[in-house]
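Quick notes on the structure that follows.
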Amino acid sequence: MGASPSDRLEALVSALVACSAEPESPAWHELAHVITTAAHAKDTVARLWSPATRSQRAETAFWRELALEIIRSAAHDAATDSALATWLRRHPPPSSRSAVTGHVSGSTANAISGHAVLHGPSVQARDIHGGVHFHPSSEATGPRSPVPHQLPPVTARFVDREADRRALDALRDQWPAHAPQLLVVSGPAGVGKTTFVCHWLHEHASNFPDGQLYADLSGHAVDGMSRPASPATVLEALLITLGAPSVPASIAQRSALWRSMTSGLRLAVLLDNAFTAAQVRPLLLGTPTGLTVVTSRNNLTGLRVDGASVHRLQGLPTESAVELLAVGGGARVAREPAAAHEVVRLCGRLPLAVGLASAQLAVRPHRSVSALADGLARGPGAIDLLQIDGEAVMRTALDLSYDVLPDESAALYRRMGLLPTDRHDLLILAAVMGDGEQSPDAERAADIAVHALLEANLLEETGPDLYRFHDLVQPHARRLGEELEDHGQRMRVLRRFVDWCLATSALAESILTPSHRMSGHDLPTGPVAPTPLNGPEEALTWLATHRNGLMGAVWHCAEAGWHTSCWRLTDALWPLFLRLRPIEMWIDSHRLGLEAARRSGSRSGEGRMLTSGAIGLRSAGRYTEAVEWYQQALEMAMVDEDVRQQAQAVSGLGHIALDTGQLDEARDHFERALRLRESIGYRRGAALSRQRLGETALVSGDMATAVEQLRRAASELKELNETYEATRVLALLGHALDRFGNHDEGVRQLHEALTLFRAGSARSEYWEARCLEWLGLAAESRGDQTESAGHYEAARNLLRRLSPADAERLDDRLRQL
């Protein structure tokens, strides 16, 4: 049930005294967040923490008074209680110190200096007699999601930037302890903002033990092919990365959940390639323990009102730029210093442009630096436009790089530019490179062509056989593809890309959701082979990696009039929508797919788009529109006498009624769906209908019906190897049994479900927390408050990140014990 108030007070006083001795430590900076939270709830905390009063902080009496007020605030304010518990857990008082004075007792002490912090059980002693025993906390533990490390890899070709590193260090050191840390690194295209920030953050990785997150805001997408990423989309991806079981529909709710889930975390977030301050603002952290770094070609002065410090990145110092040029130019650079200086001047000392020039010298070992300088100087309007954004130099450098490519690499470069994707898989590159069947020889040829593009700095490798263009390189490749490839070739390249998306998406669907495949709609075999996917993990990773390109393929099919491919690709992406929950993509793709199915004359496709799309609308909380889609699907299915589709639409209507509290209507819909599914022998569907009936009965308090329906659903889903669904039903059944009076069996089922939710194919932290809460309720009903408190605390600790509202509800339960 936790420490007594007096124990907690003494622990806090001791921790405050120890912390005050190191005012530059992470613990001191994080303390400001706790005190700010407490001050919102209790004015006396704010008064004590004023600059005038804080000057007395060397006196133990001051710390005791402050600690007492914080404890009082925590007793009445859940936010303060949570922040205080987190801080004490991260920075416990030294066990060998007095809770009042902080003085070390005894004649010998071992000290840890600097900013070092010990987490978890530790022993510091001179002599030990007898055994030492560690007793872990009562919180249930299990496998947790890995700490995210999403920063792009750093490049070996990185020079200088020492002054810029010191500047960012100084900005961070000067930051107020109570304020969220926000840095903006701005500069022209090609100046190396992302590379520099990634190097700097990698150097400071130890300061962010809770992870490093990365989001590309696509702020300077060009040629109308794409748009800056919406804050809602970016928040959705970040929340999923942190393990949110569901993502709210509105951007305000997503932003609030993002701040709640990151509260107190020592986390670094890189928001790359931002366009406006408005795009960034919903993504900001609300905690002083984290750091947000934004890169942009714009200064984003609007973020100054949010407390941002802006550092503008200039071109490299001349000698550092010459050093980078020498990476590819070697001794020629030293032999022609004046020409080398002219090259880097024409490149604006921008790392990307200088790197491209360096690659030119590397691939043409007999070319002089003077000849390279002459070539750059002949670029139309290069010097004038350089003062705006450097893009003329980039274009000239890219043209020069392209001109010396081998024919195969040049052709691949042009065709890659035509593809509506931000990630390029080696297999699709092999498909678009030639006109014949794919083969090992075609893959080897593509690999050789890709290698030349990598060497010329025209392409970046982001993973095994996975590549991307730099922001400024992709429009150059697209322009050449549109100018130099004839219409027929452009259509063949895009057709192969779409076929590859269809084939690999269908393979992922067969692995992740095999029961979803439409009968009689297997994709035809063709010259484009799918990327091999070895099991569920690889299938889901492929979908996550290529999600933008898959949506690009859906858009292209809609614009090109490839209607059948449009709706069939959308349908094959069902496991992407189900597992990753990209709600906006879900809705947009189904709108396009629905129109495409109607234009192609496919009634089965139209019905499928209506029911699947309605689930996306329902998940977004757009119930009225979802009802309209379900009703259209139901009317079509009745005309076509398609019983399975009728049941799907009716079940969807029931789910909306259950979500909106219309229990009688929900029960009627689920019973009708069950009859329809049983009439055609659709066992999985019938089991899911029984689950919904059980949930409805559980909500309405009809425990006998809930147990009956859930027990049968669990048995049937287990027989069908539907592990995740069967485990969810098992947990619901355990809770229902406990509430119905069968405590022993209910608790046993809940423990079984809890084990499955902690590992394996049914892994779910949200459902793990649900099981723990229900086990707490079961223990409380038996009068075992100690066990109940342990379960509630473990569930609350999980839900603090996943669902703050549920965590507050559990805090209330703990206070009532």
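Starting from 1 in every chain, residues are counted up; chains themselves are A, B, ... following the order of the structure tokens, and ligands are numbered from 1 as listed.
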
All residues 6 Å or closer to segment 565-568 of chain A, only C-alpha atoms, same chain fewer than 5 positions away omitted, as a list of chain:residue names
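The residues satisfying every condition are A:Val554, A:Cys557, A:Gly593, A:Ala596, A:Ala597.
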
Quick one: pull the distance between atom CA of Pro288 of chain A and atom CA of Val154 of chain A, Å, one decimal.
26.5 Å

Name all residues at most 7 Å from segment 641-652 of chain A (count only C-alpha atoms; drop same-chain ones fewer than 4 positions away) and give them as a ChimeraX atom specification.
/A:611,630,633-634,637,656,669-670,673,676-677

Output N, CA and C atoms of each residue in that selection to a file, as an mmCIF file, in the first residue's frame.
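Listing of again.cif after writing:
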```cif
data_model
loop_
_atom_site.group_PDB
_atom_site.id
_atom_site.type_symbol
_atom_site.label_atom_id
_atom_site.label_comp_id
_atom_site.auth_asym_id
_atom_site.auth_seq_id
_atom_site.Cartn_x
_atom_site.Cartn_y
_atom_site.Cartn_z
ATOM 1 N N THR A 611 -17.491 -1.449 -45.403
ATOM 2 C CA THR A 611 -17.402 -1.998 -44.046
ATOM 3 C C THR A 611 -16.040 -1.751 -43.411
ATOM 4 N N TYR A 630 -22.021 1.827 -42.958
ATOM 5 C CA TYR A 630 -22.520 0.488 -42.617
ATOM 6 C C TYR A 630 -23.902 0.238 -43.233
ATOM 7 N N ALA A 633 -23.567 -0.499 -46.862
ATOM 8 C CA ALA A 633 -23.046 -1.853 -47.043
ATOM 9 C C ALA A 633 -24.132 -2.892 -46.800
ATOM 10 N N LEU A 634 -24.974 -2.652 -45.790
ATOM 11 C CA LEU A 634 -26.039 -3.595 -45.473
ATOM 12 C C LEU A 634 -27.061 -3.662 -46.607
ATOM 13 N N ALA A 637 -25.538 -5.613 -49.480
ATOM 14 C CA ALA A 637 -25.412 -7.035 -49.185
ATOM 15 C C ALA A 637 -26.767 -7.736 -49.236
ATOM 16 N N ILE A 656 -21.074 0.312 -32.827
ATOM 17 C CA ILE A 656 -21.303 1.743 -32.616
ATOM 18 C C ILE A 656 -22.324 1.948 -31.493
ATOM 19 N N HIS A 669 -28.435 -6.001 -32.531
ATOM 20 C CA HIS A 669 -27.553 -6.098 -33.703
ATOM 21 C C HIS A 669 -26.625 -7.309 -33.591
ATOM 22 N N PHE A 670 -26.035 -7.519 -32.429
ATOM 23 C CA PHE A 670 -25.098 -8.629 -32.271
ATOM 24 C C PHE A 670 -25.811 -9.982 -32.390
ATOM 25 N N ALA A 673 -26.410 -10.536 -36.057
ATOM 26 C CA ALA A 673 -25.156 -10.909 -36.721
ATOM 27 C C ALA A 673 -24.795 -12.352 -36.415
ATOM 28 N N LEU A 676 -26.900 -14.719 -38.539
ATOM 29 C CA LEU A 676 -26.453 -14.714 -39.934
ATOM 30 C C LEU A 676 -25.173 -15.518 -40.099
ATOM 31 N N ARG A 677 -24.234 -15.337 -39.206
ATOM 32 C CA ARG A 677 -22.946 -16.027 -39.320
ATOM 33 C C ARG A 677 -23.096 -17.523 -39.083
#
```

Among segment 454-666 of chain A, which residues does DSSP mark as alpha helix (DSSP H) when it is run on the backbone? Keep the chain and numbering as in the structure and answer as an MDAnalysis selection string.
chainID A and resid 454:455 473:484 487:512 536:545 547:560 563:572 574:580 583:600 603:619 623:640 643:659 663:666
